[in-house]
Amino acid sequence: MSDKQKPAKSRNNARARSRSAARLAAVQALFQHEMENTPIAPLLHEFHQHRLGSTIDDESFDDATYADAEVDFFDDLVRGTISRIADVDAAVSEKLSANWNLTRLDKTLKAVLRVGCYELMARSDVPTPAVISEYVEVAKAFDATREAGFINGVLDAIAHEVRG
């Protein structure tokens, strides 16, 4: 059955899952970019070839597979966040309390906030509540459940500013 023949709800669920996977992978890519200063082209190539929809070669995963991610969406999140990093960092920093700054944040948390902020700034096609809840879930995937409320608050404040 082709995608066009599938019921609309099934297609929408599949798209939502592929976008969720793209967000998770984008946060991983941003984390790697910050840790290793990997240039964008090789970074995207690595994710396209070895992570997006690939089998995980690790016994602890029992032949698990990375979820298929919407590649164009993933690419936009990664390229866009990196190309607008100064604007993104300024928007995030502005929403942190006076005694906090980006350098004090855990690198994973920083990557989640950066990609989420970029999506709020540049992807008006995605509803605000969807963006915020998706990045709260991404944080939970990285075992940052305690920080979920923090992420929700920061992204909500950014959304009010950039989306009105």
# chains A, B, ... in the order shown; residues from 1 in each chain; ligands from 1
$ select_by_dssp --residues "stretch 20-116 of chain A" --states "alpha helix (DSSP H)" --output "JSON, numbers by chain"
{"A": [20, 21, 22, 23, 24, 25, 26, 27, 28, 29, 30, 31, 32, 33, 34, 35, 36, 40, 41, 42, 43, 44, 45, 46, 47, 48, 49, 50, 71, 72, 73, 74, 75, 76, 77, 78, 79, 80, 81, 82, 83, 85, 86, 87, 88, 89, 90, 91, 92, 93, 94, 95, 107, 108, 109, 110, 111, 112, 113, 114, 115, 116]}
$ write_last_selection --atoms "C-alpha atoms" --output "PDB file, in the first residue's frame"
ATOM      1  CA  SER A  20       9.945  13.151  16.471  1.00  0.00           C
ATOM      2  CA  ALA A  21      12.849  10.969  15.357  1.00  0.00           C
ATOM      3  CA  ALA A  22      14.290  13.898  13.386  1.00  0.00           C
ATOM      4  CA  ARG A  23      14.140  16.134  16.461  1.00  0.00           C
ATOM      5  CA  LEU A  24      15.868  13.556  18.631  1.00  0.00           C
ATOM      6  CA  ALA A  25      18.583  13.038  16.008  1.00  0.00           C
ATOM      7  CA  ALA A  26      18.992  16.807  15.560  1.00  0.00           C
ATOM      8  CA  VAL A  27      19.644  17.219  19.278  1.00  0.00           C
ATOM      9  CA  GLN A  28      22.207  14.406  19.087  1.00  0.00           C
ATOM     10  CA  ALA A  29      23.847  16.061  16.078  1.00  0.00           C
ATOM     11  CA  LEU A  30      23.999  19.459  17.810  1.00  0.00           C
ATOM     12  CA  PHE A  31      25.528  17.819  20.864  1.00  0.00           C
ATOM     13  CA  GLN A  32      28.159  16.124  18.671  1.00  0.00           C
ATOM     14  CA  HIS A  33      28.800  19.363  16.804  1.00  0.00           C
ATOM     15  CA  GLU A  34      29.482  21.176  20.064  1.00  0.00           C
ATOM     16  CA  MET A  35      31.607  18.404  21.577  1.00  0.00           C
ATOM     17  CA  GLU A  36      33.741  17.684  18.500  1.00  0.00           C
ATOM     18  CA  ILE A  40      28.013  20.451   9.110  1.00  0.00           C
ATOM     19  CA  ALA A  41      28.487  18.450   5.880  1.00  0.00           C
ATOM     20  CA  PRO A  42      30.305  15.481   7.484  1.00  0.00           C
ATOM     21  CA  LEU A  43      27.948  15.634  10.463  1.00  0.00           C
ATOM     22  CA  LEU A  44      24.869  15.368   8.262  1.00  0.00           C
ATOM     23  CA  HIS A  45      26.522  12.661   6.172  1.00  0.00           C
ATOM     24  CA  GLU A  46      27.273  10.584   9.269  1.00  0.00           C
ATOM     25  CA  PHE A  47      23.688  10.827  10.482  1.00  0.00           C
ATOM     26  CA  HIS A  48      22.268  10.074   7.034  1.00  0.00           C
ATOM     27  CA  GLN A  49      24.501   7.029   6.589  1.00  0.00           C
ATOM     28  CA  HIS A  50      24.690   5.588  10.084  1.00  0.00           C
ATOM     29  CA  VAL A  71      15.539  13.679   6.605  1.00  0.00           C
ATOM     30  CA  ASP A  72      14.714  17.110   5.164  1.00  0.00           C
ATOM     31  CA  PHE A  73      13.252  18.189   8.503  1.00  0.00           C
ATOM     32  CA  PHE A  74      16.328  16.842  10.344  1.00  0.00           C
ATOM     33  CA  ASP A  75      18.648  18.679   7.932  1.00  0.00           C
ATOM     34  CA  ASP A  76      16.729  21.937   8.398  1.00  0.00           C
ATOM     35  CA  LEU A  77      16.860  21.656  12.192  1.00  0.00           C
ATOM     36  CA  VAL A  78      20.599  21.009  12.209  1.00  0.00           C
ATOM     37  CA  ARG A  79      21.628  23.480   9.504  1.00  0.00           C
ATOM     38  CA  GLY A  80      19.208  26.149  10.705  1.00  0.00           C
ATOM     39  CA  THR A  81      20.204  25.927  14.349  1.00  0.00           C
ATOM     40  CA  ILE A  82      23.902  26.105  13.543  1.00  0.00           C
ATOM     41  CA  SER A  83      23.515  28.924  11.003  1.00  0.00           C
ATOM     42  CA  ILE A  85      23.310  30.002  16.598  1.00  0.00           C
ATOM     43  CA  ALA A  86      23.928  33.604  17.716  1.00  0.00           C
ATOM     44  CA  ASP A  87      20.205  34.469  17.497  1.00  0.00           C
ATOM     45  CA  VAL A  88      19.219  31.162  19.087  1.00  0.00           C
ATOM     46  CA  ASP A  89      21.677  31.538  21.957  1.00  0.00           C
ATOM     47  CA  ALA A  90      20.574  35.130  22.570  1.00  0.00           C
ATOM     48  CA  ALA A  91      16.910  34.086  22.712  1.00  0.00           C
ATOM     49  CA  VAL A  92      17.639  31.218  25.107  1.00  0.00           C
ATOM     50  CA  SER A  93      20.004  33.289  27.272  1.00  0.00           C
ATOM     51  CA  GLU A  94      17.410  36.030  27.597  1.00  0.00           C
ATOM     52  CA  LYS A  95      14.990  33.547  29.172  1.00  0.00           C
ATOM     53  CA  LYS A 107      25.428  20.220  26.975  1.00  0.00           C
ATOM     54  CA  THR A 108      22.476  17.931  26.262  1.00  0.00           C
ATOM     55  CA  LEU A 109      20.046  20.391  27.805  1.00  0.00           C
ATOM     56  CA  LYS A 110      21.647  23.191  25.813  1.00  0.00           C
ATOM     57  CA  ALA A 111      21.234  21.214  22.573  1.00  0.00           C
ATOM     58  CA  VAL A 112      17.558  20.529  23.346  1.00  0.00           C
ATOM     59  CA  LEU A 113      16.892  24.216  24.012  1.00  0.00           C
ATOM     60  CA  ARG A 114      18.819  25.347  20.940  1.00  0.00           C
ATOM     61  CA  VAL A 115      17.012  23.081  18.486  1.00  0.00           C
ATOM     62  CA  GLY A 116      13.650  23.778  20.124  1.00  0.00           C
TER      63      GLY A 116
END
$ closest_residue --among "A:Leu96, A:Cys117, A:Gly164, A:Ala122" --to "A:Phe150" --atoms "only C-alpha atoms"
A:Leu96
$ residues_around --residues "A:Asp125" --least-positions-apart "6" --cutoff "12 Å" --atoms "only C-alpha atoms" --output "PyMOL selection string"
chain A and resi 73+119+131+163
$ atom_distance --atom1 "atom CA of A:Thr38" --atom2 "atom CA of A:Arg15"
28.5 Å
$ atom_distance --atom1 "atom CA of A:Thr145" --atom2 "atom CA of A:Leu52"
24.2 Å
$ atom_distance --atom1 "atom CA of A:Ala159" --atom2 "atom CA of A:Ala139"
17.8 Å
